[in-house]
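Heads up, structure18.cif below (mmCIF, C-alpha atoms):
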```cif
data_structure
#
loop_
_atom_site.label_atom_id
_atom_site.label_comp_id
_atom_site.auth_asym_id
_atom_site.auth_seq_id
_atom_site.Cartn_x
_atom_site.Cartn_y
_atom_site.Cartn_z
CA MET R 1080 126.44 9.13 1.55
CA LYS R 1081 123.73 6.62 0.71
CA PRO R 1082 123.76 3.29 2.49
CA THR R 1083 124.92 0.67 0.02
CA ALA R 1084 123.17 -2.25 1.72
CA LYS R 1085 119.92 -3.46 0.21
CA HIS R 1086 116.68 -2.06 1.59
CA CYS R 1087 114.74 -4.56 3.66
CA LEU R 1088 111.17 -5.25 2.49
CA LEU R 1089 108.65 -7.18 4.58
CA ILE R 1090 105.78 -8.74 2.64
CA VAL R 1091 102.73 -9.83 4.66
CA ASP R 1092 100.10 -12.03 3.02
CA ASP R 1093 98.26 -15.12 4.22
CA GLU R 1094 98.74 -16.65 0.77
CA PRO R 1095 102.29 -18.07 0.85
CA ASN R 1096 102.50 -18.10 -2.95
CA VAL R 1097 102.06 -14.30 -3.05
CA CYS R 1098 104.93 -13.89 -0.57
CA ASP R 1099 107.05 -16.30 -2.60
CA SER R 1100 106.42 -14.55 -5.88
CA VAL R 1101 107.28 -11.12 -4.41
CA HIS R 1102 110.41 -12.64 -2.90
CA ASP R 1103 111.48 -14.21 -6.19
CA LEU R 1104 110.83 -11.06 -8.17
CA LEU R 1105 112.59 -8.61 -5.85
CA ARG R 1106 115.26 -10.60 -4.04
CA ARG R 1107 118.10 -9.39 -6.22
CA GLU R 1108 117.33 -5.74 -5.47
CA PHE R 1109 115.92 -6.00 -1.92
CA ARG R 1110 116.30 -8.12 1.16
CA VAL R 1111 112.80 -9.68 1.22
CA LEU R 1112 111.29 -11.07 4.44
CA LYS R 1113 107.99 -12.97 4.37
CA ALA R 1114 105.16 -13.24 6.90
CA ASN R 1115 101.91 -15.19 6.53
CA SER R 1116 99.94 -13.21 9.11
CA ALA R 1117 99.86 -9.75 10.65
CA GLN R 1118 101.07 -11.25 13.95
CA GLU R 1119 104.09 -12.85 12.27
CA GLY R 1120 104.76 -9.62 10.39
CA TYR R 1121 104.68 -7.57 13.56
CA ARG R 1122 107.05 -10.02 15.28
CA ILE R 1123 109.52 -9.66 12.39
CA MET R 1124 109.28 -5.85 12.70
CA GLN R 1125 110.45 -6.18 16.30
CA GLU R 1126 113.42 -8.36 15.36
CA GLU R 1127 114.66 -6.88 12.09
CA GLU R 1128 115.29 -3.40 10.74
CA VAL R 1129 112.53 -3.29 8.14
CA HIS R 1130 112.49 -0.31 5.76
CA ILE R 1131 109.34 -1.05 3.76
CA VAL R 1132 106.24 -3.01 4.85
CA MET R 1133 103.81 -4.20 2.23
CA SER R 1134 100.69 -5.90 3.53
CA ASP R 1135 97.59 -7.52 2.09
CA GLN R 1136 94.39 -6.02 3.49
CA ARG R 1137 92.27 -9.18 3.81
CA MET R 1138 93.77 -11.57 6.32
CA SER R 1139 92.13 -13.52 9.13
CA GLN R 1140 92.15 -11.94 12.61
CA ILE R 1141 94.17 -8.74 11.98
CA THR R 1142 93.70 -6.79 8.74
CA GLY R 1143 96.41 -5.05 6.76
CA VAL R 1144 95.10 -1.62 7.83
CA GLU R 1145 95.27 -2.60 11.51
CA LEU R 1146 98.81 -3.92 11.06
CA LEU R 1147 99.96 -0.78 9.21
CA ALA R 1148 98.38 1.56 11.78
CA LYS R 1149 100.30 -0.30 14.52
CA VAL R 1150 103.51 -0.20 12.46
CA LYS R 1151 103.06 3.55 11.94
CA SER R 1152 102.84 4.20 15.66
CA LYS R 1153 105.74 1.92 16.70
CA TYR R 1154 108.05 2.16 13.64
CA PRO R 1155 107.11 5.45 11.95
CA ARG R 1156 110.17 5.37 9.67
CA ALA R 1157 109.08 2.19 7.90
CA VAL R 1158 107.34 3.10 4.64
CA ARG R 1159 103.93 1.43 4.48
CA MET R 1160 102.09 -0.03 1.48
CA LEU R 1161 98.76 -1.82 1.23
CA PHE R 1162 97.45 -4.13 -1.45
CA THR R 1163 94.17 -5.89 -1.95
CA GLY R 1164 92.32 -7.79 -4.61
CA PHE R 1165 89.01 -6.18 -3.68
CA ALA R 1166 87.71 -2.72 -4.45
CA ASP R 1167 87.33 -2.15 -0.75
CA LEU R 1168 86.86 1.62 -0.51
CA GLU R 1169 86.33 1.78 3.24
CA SER R 1170 89.51 -0.09 4.04
CA ILE R 1171 91.52 2.02 1.63
CA ILE R 1172 90.26 5.22 3.26
CA ALA R 1173 91.07 3.74 6.66
CA ALA R 1174 94.53 2.84 5.38
CA ILE R 1175 95.12 6.48 4.44
CA ASN R 1176 93.73 8.01 7.59
CA GLN R 1177 94.96 5.47 10.16
CA GLY R 1178 98.02 3.90 8.57
CA HIS R 1179 99.12 6.92 6.52
CA ILE R 1180 100.21 4.60 3.78
CA PHE R 1181 102.61 5.70 1.08
CA GLY R 1182 101.37 3.48 -1.73
CA PHE R 1183 98.54 1.22 -2.77
CA LEU R 1184 98.56 -1.73 -5.19
CA LYS R 1185 95.68 -3.68 -6.66
CA LYS R 1186 95.99 -7.44 -7.06
CA PRO R 1187 96.85 -8.89 -9.49
CA TRP R 1188 99.76 -6.61 -10.29
CA GLN R 1189 102.21 -6.59 -13.15
CA PRO R 1190 105.82 -7.33 -12.11
CA GLU R 1191 106.98 -3.90 -13.29
CA GLU R 1192 104.18 -2.17 -11.29
CA LEU R 1193 105.34 -3.93 -8.15
CA GLU R 1194 109.00 -3.14 -8.82
CA GLY R 1195 108.20 0.51 -9.52
CA ALA R 1196 106.10 0.87 -6.37
CA VAL R 1197 108.72 -0.73 -4.11
CA ARG R 1198 111.51 1.39 -5.63
CA LEU R 1199 109.51 4.57 -4.94
CA ALA R 1200 108.98 3.38 -1.36
CA ALA R 1201 112.75 2.78 -0.98
CA GLU R 1202 113.44 6.33 -2.21
CA GLU R 1203 110.90 7.66 0.29
CA TYR R 1204 112.65 5.73 3.06
CA ASP R 1205 116.00 7.26 2.08
CA ARG R 1206 114.45 10.73 1.97
CA LEU R 1207 112.95 10.29 5.44
CA THR R 1208 116.17 8.98 6.98
CA GLU R 1209 118.48 11.46 5.22
CA ALA R 1210 117.61 14.17 7.77
CA ALA R 1211 118.46 11.83 10.66
CA ARG R 1212 121.79 10.92 9.04
CA GLU R 1213 122.72 14.55 8.43
CA ARG R 1214 121.78 15.40 12.03
CA GLU R 1215 124.31 12.80 13.25
CA GLU R 1216 126.99 14.36 11.05
CA LEU R 1217 126.28 17.88 12.33
CA LEU R 1218 126.45 16.63 15.95
CA ASP R 1219 129.84 15.05 15.16
CA VAL R 1220 131.11 18.36 13.76
CA ILE R 1221 129.87 20.17 16.91
CA GLY R 1222 131.64 17.59 19.12
CA SER R 1223 134.98 18.04 17.37
CA LEU R 1224 134.71 21.85 17.35
CA GLN R 1225 133.97 21.80 21.08
CA ARG R 1226 137.07 19.66 21.71
CA ARG R 1227 139.13 22.09 19.62
CA VAL R 1228 137.81 25.07 21.64
CA THR R 1229 138.71 23.32 24.91
CA ALA R 1230 142.23 22.54 23.67
CA LEU R 1231 142.80 26.11 22.48
CA GLU R 1232 141.50 27.55 25.76
CA SER R 1233 144.03 25.45 27.72
CA GLN R 1234 146.77 26.59 25.37
CA VAL R 1235 145.87 30.28 25.91
CA GLN R 1236 145.91 29.68 29.67
CA ARG R 1237 149.32 27.98 29.55
CA LEU R 1238 150.69 30.88 27.54
CA GLY R 1239 149.49 33.26 30.26
CA GLY R 1240 146.85 34.97 28.14
CA PRO R 1241 143.77 36.60 29.60
CA SER R 1242 141.09 34.18 30.82
CA ALA R 1243 139.17 32.97 27.82
CA THR R 1244 135.98 34.74 26.86
CA SER R 1245 134.14 34.48 23.61
CA MET B 1073 110.35 25.92 20.08
CA LYS B 1074 107.03 25.60 18.22
CA PRO B 1075 105.98 28.42 15.96
CA THR B 1076 103.17 30.30 17.69
CA ALA B 1077 101.59 31.64 14.47
CA LYS B 1078 98.52 29.89 13.14
CA HIS B 1079 98.99 27.19 10.52
CA CYS B 1080 97.89 28.25 7.06
CA LEU B 1081 95.25 26.02 5.43
CA LEU B 1082 94.29 26.33 1.77
CA ILE B 1083 90.88 24.95 0.85
CA VAL B 1084 90.23 24.28 -2.86
CA ASP B 1085 86.66 23.61 -4.01
CA ASP B 1086 84.66 24.90 -6.96
CA GLU B 1087 81.65 25.25 -4.67
CA PRO B 1088 82.22 28.59 -2.89
CA ASN B 1089 79.85 27.64 -0.06
CA VAL B 1090 82.11 24.68 0.87
CA CYS B 1091 85.12 27.01 1.05
CA ASP B 1092 83.11 29.48 3.11
CA SER B 1093 81.89 26.88 5.57
CA VAL B 1094 85.42 25.51 6.11
CA HIS B 1095 86.66 29.07 6.56
CA ASP B 1096 83.97 29.89 9.12
CA LEU B 1097 84.49 26.69 11.05
CA LEU B 1098 88.31 26.83 11.24
CA ARG B 1099 89.24 30.51 11.05
CA ARG B 1100 89.79 30.90 14.79
CA GLU B 1101 92.34 28.08 14.86
CA PHE B 1102 93.86 28.37 11.36
CA ARG B 1103 94.59 31.02 8.76
CA VAL B 1104 92.21 29.79 6.04
CA LEU B 1105 92.73 30.72 2.37
CA LYS B 1106 90.10 29.84 -0.24
CA ALA B 1107 90.39 28.92 -3.93
CA ASN B 1108 87.56 28.02 -6.32
CA SER B 1109 89.71 26.12 -8.82
CA ALA B 1110 92.93 24.12 -8.92
CA GLN B 1111 94.55 26.91 -10.94
CA GLU B 1112 93.66 29.52 -8.33
CA GLY B 1113 94.82 27.16 -5.58
CA TYR B 1114 98.17 26.62 -7.26
CA ARG B 1115 98.62 30.38 -7.73
CA ILE B 1116 98.02 30.91 -3.99
CA MET B 1117 100.61 28.19 -3.23
CA GLN B 1118 103.17 30.24 -5.14
CA GLU B 1119 102.35 33.44 -3.23
CA GLU B 1120 101.73 32.26 0.31
CA GLU B 1121 103.38 29.87 2.73
CA VAL B 1122 100.68 27.23 2.85
CA HIS B 1123 101.10 24.43 5.43
CA ILE B 1124 98.06 22.28 4.62
CA VAL B 1125 96.22 21.94 1.29
CA MET B 1126 92.79 20.38 1.26
CA SER B 1127 91.24 19.89 -2.17
CA ASP B 1128 88.01 18.57 -3.60
CA GLN B 1129 88.56 15.83 -6.19
CA ARG B 1130 85.86 16.71 -8.71
CA MET B 1131 86.51 20.09 -10.25
CA SER B 1132 86.37 21.20 -13.88
CA GLN B 1133 89.64 21.12 -15.87
CA ILE B 1134 92.13 20.06 -13.18
CA THR B 1135 91.15 17.44 -10.58
CA GLY B 1136 92.12 17.44 -6.93
CA VAL B 1137 94.50 14.52 -7.51
CA GLU B 1138 96.29 16.40 -10.29
CA LEU B 1139 96.58 19.49 -8.12
CA LEU B 1140 97.91 17.53 -5.14
CA ALA B 1141 100.44 15.63 -7.28
CA LYS B 1142 101.75 18.99 -8.55
CA VAL B 1143 101.81 20.41 -5.02
CA LYS B 1144 103.73 17.36 -3.82
CA SER B 1145 106.46 17.86 -6.40
CA LYS B 1146 106.81 21.66 -5.97
CA TYR B 1147 105.92 22.10 -2.28
CA PRO B 1148 106.62 18.72 -0.67
CA ARG B 1149 106.37 20.12 2.86
CA ALA B 1150 102.70 21.08 2.47
CA VAL B 1151 100.52 18.34 3.97
CA ARG B 1152 97.95 17.22 1.41
CA MET B 1153 94.35 16.14 1.94
CA LEU B 1154 91.66 15.11 -0.52
CA PHE B 1155 87.89 15.06 -0.16
CA THR B 1156 85.11 13.98 -2.41
CA GLY B 1157 81.41 13.30 -2.27
CA PHE B 1158 81.72 10.28 -4.54
CA ALA B 1159 82.97 6.81 -3.78
CA ASP B 1160 85.54 7.23 -6.48
CA LEU B 1161 87.97 4.39 -5.84
CA GLU B 1162 90.26 5.03 -8.80
CA SER B 1163 90.83 8.66 -7.90
CA ILE B 1164 91.48 7.81 -4.27
CA ILE B 1165 94.10 5.24 -5.28
CA ALA B 1166 95.63 7.82 -7.63
CA ALA B 1167 95.63 10.34 -4.79
CA ILE B 1168 97.65 7.92 -2.65
CA ASN B 1169 100.10 6.88 -5.35
CA GLN B 1170 100.58 10.20 -7.12
CA GLY B 1171 99.77 12.83 -4.52
CA HIS B 1172 100.89 10.84 -1.46
CA ILE B 1173 98.08 12.37 0.49
CA PHE B 1174 98.05 12.39 4.25
CA GLY B 1175 94.30 12.27 4.80
CA PHE B 1176 91.01 11.68 3.08
CA LEU B 1177 87.56 13.03 3.94
CA LYS B 1178 84.16 12.05 2.56
CA LYS B 1179 81.57 14.75 1.92
CA PRO B 1180 79.42 15.61 3.76
CA TRP B 1181 81.60 15.69 6.86
CA GLN B 1182 80.76 16.46 10.47
CA PRO B 1183 82.40 19.66 11.79
CA GLU B 1184 84.37 17.69 14.40
CA GLU B 1185 85.62 15.24 11.72
CA LEU B 1186 86.97 18.15 9.69
CA GLU B 1187 88.53 19.81 12.73
CA GLY B 1188 90.15 16.54 13.82
CA ALA B 1189 91.54 15.84 10.34
CA VAL B 1190 93.01 19.33 9.92
CA ARG B 1191 94.54 19.27 13.41
CA LEU B 1192 96.25 15.94 12.60
CA ALA B 1193 97.55 17.48 9.36
CA ALA B 1194 98.93 20.46 11.29
CA GLU B 1195 100.73 18.10 13.69
CA GLU B 1196 102.18 16.25 10.69
CA TYR B 1197 103.38 19.55 9.24
CA ASP B 1198 105.12 20.40 12.53
CA ARG B 1199 106.71 16.95 12.68
CA LEU B 1200 108.02 17.27 9.12
CA THR B 1201 109.44 20.77 9.63
CA GLU B 1202 110.90 20.08 13.10
CA ALA B 1203 113.95 18.41 11.52
CA ALA B 1204 114.55 21.44 9.27
CA ARG B 1205 114.27 23.80 12.26
CA GLU B 1206 116.69 21.74 14.34
CA ARG B 1207 119.12 21.62 11.41
CA GLU B 1208 119.16 25.45 11.33
CA GLU B 1209 119.91 25.52 15.06
CA LEU B 1210 122.78 23.04 14.72
CA LEU B 1211 124.25 25.07 11.84
CA ASP B 1212 124.07 28.20 14.05
CA VAL B 1213 125.95 26.38 16.83
CA ILE B 1214 128.60 25.26 14.31
CA GLY B 1215 128.95 28.85 13.04
CA SER B 1216 129.53 30.28 16.51
CA LEU B 1217 131.96 27.49 17.49
CA GLN B 1218 133.94 28.15 14.30
CA ARG B 1219 134.15 31.87 15.15
CA ARG B 1220 135.33 30.98 18.65
CA VAL B 1221 138.05 28.67 17.24
CA THR B 1222 139.25 31.42 14.89
CA ALA B 1223 139.39 33.97 17.74
CA LEU B 1224 141.29 31.57 20.02
CA GLU B 1225 143.76 30.70 17.25
CA SER B 1226 144.58 34.42 16.77
CA GLN B 1227 144.99 34.80 20.51
CA VAL B 1228 147.43 31.85 20.65
CA GLN B 1229 149.36 33.37 17.77
CA ARG B 1230 149.56 36.82 19.47
CA LEU B 1231 150.82 35.15 22.63
CA GLY B 1232 153.59 33.54 20.62
CA GLY B 1233 152.39 30.00 21.04
CA PRO B 1234 153.12 27.23 18.51
CA SER B 1235 151.14 27.50 15.27
CA ALA B 1236 147.69 26.10 15.91
CA THR B 1237 146.98 22.48 15.04
CA SER B 1238 144.07 20.42 16.19
#
```
Target encoding structure tokens, full file:
Amino acid sequence: MKPTAKHCLLIVDDEPNVCDSVHDLLRREFRVLKANSAQEGYRIMQEEEVHIVMSDQRMSQITGVELLAKVKSKYPRAVRMLFTGFADLESIIAAINQGHIFGFLKKPWQPEELEGAVRLAAEEYDRLTEAAREREELLDVIGSLQRRVTALESQVQRLGGPSATS
Amino acid sequence: MKPTAKHCLLIVDDEPNVCDSVHDLLRREFRVLKANSAQEGYRIMQEEEVHIVMSDQRMSQITGVELLAKVKSKYPRAVRMLFTGFADLESIIAAINQGHIFGFLKKPWQPEELEGAVRLAAEEYDRLTEAAREREELLDVIGSLQRRVTALESQVQRLGGPSATS
């Protein structure tokens, strides 16, 4: 039932070493893509099926909150996380109210904190997409039942039965 | 397609005048229930179908974050909001990570801020429950198609056709 492929995580931070360390820590469990700016991150979102986006708040030009708010409106299924090294209350409140983020991490984090947070986000992604997957299955069942009804109706007609009514 | 009944909002604050003012402001648009403690709020959740829970953070005994985390695990469909008069960064981060809150409001709020936030929460509730409603509809369609197949199969059998196979 569950997709067996790795979840795809996009990490956005203008410090390449942060991206690299997240990549190294999580690459066995996740497909990790790296972006060094919000613009690059958004471009990757357009090209790849990203399941989880984790962005630093403080970046030049476009902030993490702005990126996540844009991601929410264009790719609402991607689970969004914000992190920052600063106790920046206003941006965290904005991240909740505009980006509807799922999780928040303070820098510097412990490896197990990061792993735990990204695993929770992956579970949330699966929960959100489960309904869509089940919907496809139900539509398939409806399609095959409709074909069966059509076939049976022709058979009744061939056998000279009364015209089919339900 | 959309339910026409009012959304039910539960407001939890140990200051009764806050509950009353939210009630008076929103009662035309929402069914507003009031609780003066987390315990009372949780009891109402068990008795009523609450769509949106809005809780103050600072209350005696159980905090807003603790209440919302509990609500999330027992009633995950209820959209959760937190408000506080204090710039309490740690509790806001906990509210995101444990209660997965949808929105945050700072006290004192402007009436239109509150209205806007609760309307967004109601839209989120509808979005989250839309999938469940559509699932019910698809299951109904499957049920009636299955009954139709059964009826047609009996008809084929009565007419002496070959035993039914798909």
Hey, list the chain B side of the contact with chain R: 8 Å cut-off, only C-alpha atoms, answer as JSON, numbers by chain. {"B": [1159, 1161, 1165, 1168, 1169, 1172, 1173, 1174, 1175, 1176, 1203, 1207, 1210, 1211, 1213, 1214, 1217, 1218, 1220, 1221, 1223, 1224, 1225, 1227, 1228, 1231, 1232, 1233, 1238]}
Using all C-alpha atoms paired in order, least-squares fit chain B onto chain R and give me the moved copy as a short mmCIF file (atom, residue, chain, number, x, y, z; two decimals) with C-alpha atoms, keeping the file's coordinate frame.
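superposed_35.cif written:
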```cif
data_model
loop_
_atom_site.label_atom_id
_atom_site.label_comp_id
_atom_site.auth_asym_id
_atom_site.auth_seq_id
_atom_site.Cartn_x
_atom_site.Cartn_y
_atom_site.Cartn_z
CA MET B 1073 126.47 9.27 1.39
CA LYS B 1074 123.74 6.73 0.55
CA PRO B 1075 123.77 3.43 2.35
CA THR B 1076 124.97 0.79 -0.10
CA ALA B 1077 123.19 -2.14 1.63
CA LYS B 1078 119.95 -3.37 0.13
CA HIS B 1079 116.70 -1.98 1.50
CA CYS B 1080 114.78 -4.46 3.62
CA LEU B 1081 111.21 -5.17 2.46
CA LEU B 1082 108.72 -7.10 4.58
CA ILE B 1083 105.85 -8.69 2.69
CA VAL B 1084 102.80 -9.76 4.75
CA ASP B 1085 100.19 -12.02 3.13
CA ASP B 1086 98.38 -15.10 4.38
CA GLU B 1087 98.83 -16.67 0.95
CA PRO B 1088 102.40 -18.05 1.02
CA ASN B 1089 102.59 -18.14 -2.78
CA VAL B 1090 102.13 -14.33 -2.91
CA CYS B 1091 105.01 -13.88 -0.46
CA ASP B 1092 107.13 -16.30 -2.46
CA SER B 1093 106.46 -14.59 -5.77
CA VAL B 1094 107.32 -11.15 -4.35
CA HIS B 1095 110.46 -12.63 -2.83
CA ASP B 1096 111.53 -14.23 -6.12
CA LEU B 1097 110.83 -11.11 -8.13
CA LEU B 1098 112.59 -8.62 -5.83
CA ARG B 1099 115.29 -10.58 -4.01
CA ARG B 1100 118.12 -9.37 -6.24
CA GLU B 1101 117.33 -5.72 -5.53
CA PHE B 1102 115.93 -5.95 -1.97
CA ARG B 1103 116.35 -8.05 1.15
CA VAL B 1104 112.86 -9.60 1.24
CA LEU B 1105 111.38 -10.97 4.48
CA LYS B 1106 108.09 -12.89 4.44
CA ALA B 1107 105.27 -13.16 7.00
CA ASN B 1108 102.03 -15.13 6.67
CA SER B 1109 100.06 -13.14 9.26
CA ALA B 1110 99.98 -9.66 10.75
CA GLN B 1111 101.21 -11.09 14.06
CA GLU B 1112 104.23 -12.70 12.40
CA GLY B 1113 104.86 -9.50 10.45
CA TYR B 1114 104.80 -7.40 13.60
CA ARG B 1115 107.18 -9.82 15.34
CA ILE B 1116 109.65 -9.47 12.43
CA MET B 1117 109.37 -5.66 12.70
CA GLN B 1118 110.56 -5.93 16.29
CA GLU B 1119 113.56 -8.11 15.36
CA GLU B 1120 114.75 -6.66 12.08
CA GLU B 1121 115.35 -3.21 10.66
CA VAL B 1122 112.58 -3.16 8.09
CA HIS B 1123 112.52 -0.19 5.67
CA ILE B 1124 109.35 -0.98 3.70
CA VAL B 1125 106.29 -2.95 4.83
CA MET B 1126 103.84 -4.17 2.23
CA SER B 1127 100.73 -5.88 3.58
CA ASP B 1128 97.65 -7.54 2.19
CA GLN B 1129 94.43 -6.06 3.58
CA ARG B 1130 92.33 -9.20 3.95
CA MET B 1131 93.87 -11.55 6.48
CA SER B 1132 92.26 -13.48 9.33
CA GLN B 1133 92.28 -11.84 12.79
CA ILE B 1134 94.28 -8.66 12.10
CA THR B 1135 93.78 -6.75 8.84
CA GLY B 1136 96.47 -5.02 6.82
CA VAL B 1137 95.13 -1.61 7.87
CA GLU B 1138 95.35 -2.53 11.55
CA LEU B 1139 98.89 -3.82 11.09
CA LEU B 1140 100.00 -0.70 9.20
CA ALA B 1141 98.42 1.65 11.76
CA LYS B 1142 100.38 -0.17 14.50
CA VAL B 1143 103.57 -0.05 12.42
CA LYS B 1144 103.08 3.67 11.86
CA SER B 1145 102.89 4.38 15.58
CA LYS B 1146 105.82 2.13 16.62
CA TYR B 1147 108.08 2.33 13.54
CA PRO B 1148 107.13 5.59 11.82
CA ARG B 1149 110.18 5.51 9.54
CA ALA B 1150 109.08 2.29 7.80
CA VAL B 1151 107.33 3.17 4.54
CA ARG B 1152 103.93 1.47 4.43
CA MET B 1153 102.09 -0.02 1.46
CA LEU B 1154 98.77 -1.83 1.23
CA PHE B 1155 97.44 -4.19 -1.41
CA THR B 1156 94.18 -5.96 -1.86
CA GLY B 1157 92.32 -7.91 -4.49
CA PHE B 1158 89.01 -6.31 -3.56
CA ALA B 1159 87.69 -2.87 -4.36
CA ASP B 1160 87.31 -2.25 -0.68
CA LEU B 1161 86.82 1.50 -0.46
CA GLU B 1162 86.31 1.71 3.30
CA SER B 1163 89.51 -0.14 4.09
CA ILE B 1164 91.50 1.95 1.64
CA ILE B 1165 90.22 5.16 3.24
CA ALA B 1166 91.07 3.71 6.66
CA ALA B 1167 94.53 2.82 5.37
CA ILE B 1168 95.09 6.45 4.38
CA ASN B 1169 93.69 8.00 7.55
CA GLN B 1170 94.97 5.51 10.12
CA GLY B 1171 98.03 3.94 8.52
CA HIS B 1172 99.08 6.96 6.43
CA ILE B 1173 100.19 4.62 3.72
CA PHE B 1174 102.55 5.70 1.01
CA GLY B 1175 101.30 3.45 -1.78
CA PHE B 1176 98.50 1.16 -2.78
CA LEU B 1177 98.54 -1.80 -5.17
CA LYS B 1178 95.64 -3.80 -6.60
CA LYS B 1179 95.98 -7.56 -6.97
CA PRO B 1180 96.84 -9.04 -9.38
CA TRP B 1181 99.73 -6.73 -10.22
CA GLN B 1182 102.17 -6.74 -13.11
CA PRO B 1183 105.78 -7.46 -12.07
CA GLU B 1184 106.92 -4.03 -13.30
CA GLU B 1185 104.11 -2.31 -11.32
CA LEU B 1186 105.31 -4.01 -8.14
CA GLU B 1187 108.96 -3.21 -8.85
CA GLY B 1188 108.13 0.43 -9.59
CA ALA B 1189 106.04 0.81 -6.43
CA VAL B 1190 108.69 -0.74 -4.16
CA ARG B 1191 111.46 1.35 -5.73
CA LEU B 1192 109.43 4.54 -5.06
CA ALA B 1193 108.94 3.38 -1.46
CA ALA B 1194 112.69 2.83 -1.09
CA GLU B 1195 113.37 6.35 -2.39
CA GLU B 1196 110.84 7.70 0.13
CA TYR B 1197 112.60 5.80 2.91
CA ASP B 1198 115.94 7.35 1.89
CA ARG B 1199 114.39 10.82 1.75
CA LEU B 1200 112.89 10.41 5.23
CA THR B 1201 116.11 9.10 6.80
CA GLU B 1202 118.43 11.58 5.01
CA ALA B 1203 117.56 14.28 7.57
CA ALA B 1204 118.40 11.93 10.46
CA ARG B 1205 121.73 11.01 8.84
CA GLU B 1206 122.65 14.65 8.25
CA ARG B 1207 121.72 15.48 11.85
CA GLU B 1208 124.22 12.85 13.07
CA GLU B 1209 126.92 14.41 10.89
CA LEU B 1210 126.22 17.92 12.19
CA LEU B 1211 126.35 16.65 15.79
CA ASP B 1212 129.75 15.03 15.02
CA VAL B 1213 131.05 18.36 13.66
CA ILE B 1214 129.79 20.14 16.81
CA GLY B 1215 131.52 17.53 19.01
CA SER B 1216 134.89 17.96 17.31
CA LEU B 1217 134.63 21.78 17.30
CA GLN B 1218 133.87 21.70 21.03
CA ARG B 1219 136.96 19.54 21.66
CA ARG B 1220 139.04 21.97 19.62
CA VAL B 1221 137.73 24.94 21.65
CA THR B 1222 138.56 23.16 24.92
CA ALA B 1223 142.10 22.35 23.72
CA LEU B 1224 142.71 25.93 22.56
CA GLU B 1225 141.39 27.35 25.84
CA SER B 1226 143.89 25.20 27.81
CA GLN B 1227 146.66 26.32 25.49
CA VAL B 1228 145.78 30.00 26.04
CA GLN B 1229 145.76 29.39 29.78
CA ARG B 1230 149.20 27.66 29.71
CA LEU B 1231 150.59 30.58 27.73
CA GLY B 1232 149.38 32.93 30.44
CA GLY B 1233 146.81 34.68 28.33
CA PRO B 1234 143.67 36.32 29.78
CA SER B 1235 141.01 33.86 30.94
CA ALA B 1236 139.09 32.72 27.90
CA THR B 1237 135.85 34.47 27.00
CA SER B 1238 134.03 34.29 23.73
#
```
Kindly list the centre and edge lengths in Å, rounded to one decimal, for the axis-aligned box that covers all listed atoms of region 1099-1112 of chain B plus 6 Å on each of its six sides, as AutoDock Vina command-line options.
```
--center_x 91.1 --center_y 27.6 --center_z 2.0 --size_x 19.0 --size_y 18.9 --size_z 37.8
```
Would you translate the PyMOL selection byres ((chain R and resi 1095-1110) around 9) into the concrete set of residues it matches in this file, as a PyMOL selection string? chain R and resi 1084-1094+1111-1115+1190+1193-1194+1197
Rounded to one decimal, what separation in Å do you get between CA of Asp1128 (chain B) and CA of Lys1144 (chain B)?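 One can read the CA of Asp1128 (chain B) to CA of Lys1144 (chain B) distance as 15.8 Å.
The two atoms in question, CA of Asp1198 (chain B) and CA of His1123 (chain B), are spaced 9.1 Å apart.
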Please, can region 1164-1173 of chain B be completed to N, CA and C atoms and returned as an mmCIF file, in the coordinates of the input?
```cif
data_model
loop_
_atom_site.group_PDB
_atom_site.id
_atom_site.type_symbol
_atom_site.label_atom_id
_atom_site.label_comp_id
_atom_site.auth_asym_id
_atom_site.auth_seq_id
_atom_site.Cartn_x
_atom_site.Cartn_y
_atom_site.Cartn_z
ATOM 1 N N ILE B 1164 90.878 7.883 -5.608
ATOM 2 C CA ILE B 1164 91.480 7.810 -4.270
ATOM 3 C C ILE B 1164 92.814 7.061 -4.343
ATOM 4 N N ILE B 1165 92.842 5.974 -5.119
ATOM 5 C CA ILE B 1165 94.100 5.240 -5.280
ATOM 6 C C ILE B 1165 95.148 6.133 -5.960
ATOM 7 N N ALA B 1166 94.705 6.894 -6.978
ATOM 8 C CA ALA B 1166 95.630 7.820 -7.630
ATOM 9 C C ALA B 1166 96.129 8.879 -6.655
ATOM 10 N N ALA B 1167 95.231 9.325 -5.769
ATOM 11 C CA ALA B 1167 95.630 10.340 -4.790
ATOM 12 C C ALA B 1167 96.713 9.804 -3.861
ATOM 13 N N ILE B 1168 96.601 8.522 -3.494
ATOM 14 C CA ILE B 1168 97.650 7.920 -2.650
ATOM 15 C C ILE B 1168 98.940 7.844 -3.451
ATOM 16 N N ASN B 1169 98.876 7.231 -4.633
ATOM 17 C CA ASN B 1169 100.100 6.880 -5.350
ATOM 18 C C ASN B 1169 100.765 8.066 -6.039
ATOM 19 N N GLN B 1170 99.975 9.055 -6.437
ATOM 20 C CA GLN B 1170 100.580 10.200 -7.120
ATOM 21 C C GLN B 1170 100.717 11.419 -6.206
ATOM 22 N N GLY B 1171 99.725 11.631 -5.353
ATOM 23 C CA GLY B 1171 99.770 12.830 -4.520
ATOM 24 C C GLY B 1171 100.288 12.546 -3.118
ATOM 25 N N HIS B 1172 100.460 11.259 -2.790
ATOM 26 C CA HIS B 1172 100.890 10.840 -1.460
ATOM 27 C C HIS B 1172 100.198 11.662 -0.394
ATOM 28 N N ILE B 1173 98.872 11.558 -0.418
ATOM 29 C CA ILE B 1173 98.080 12.370 0.490
ATOM 30 C C ILE B 1173 98.150 11.813 1.910
#
```
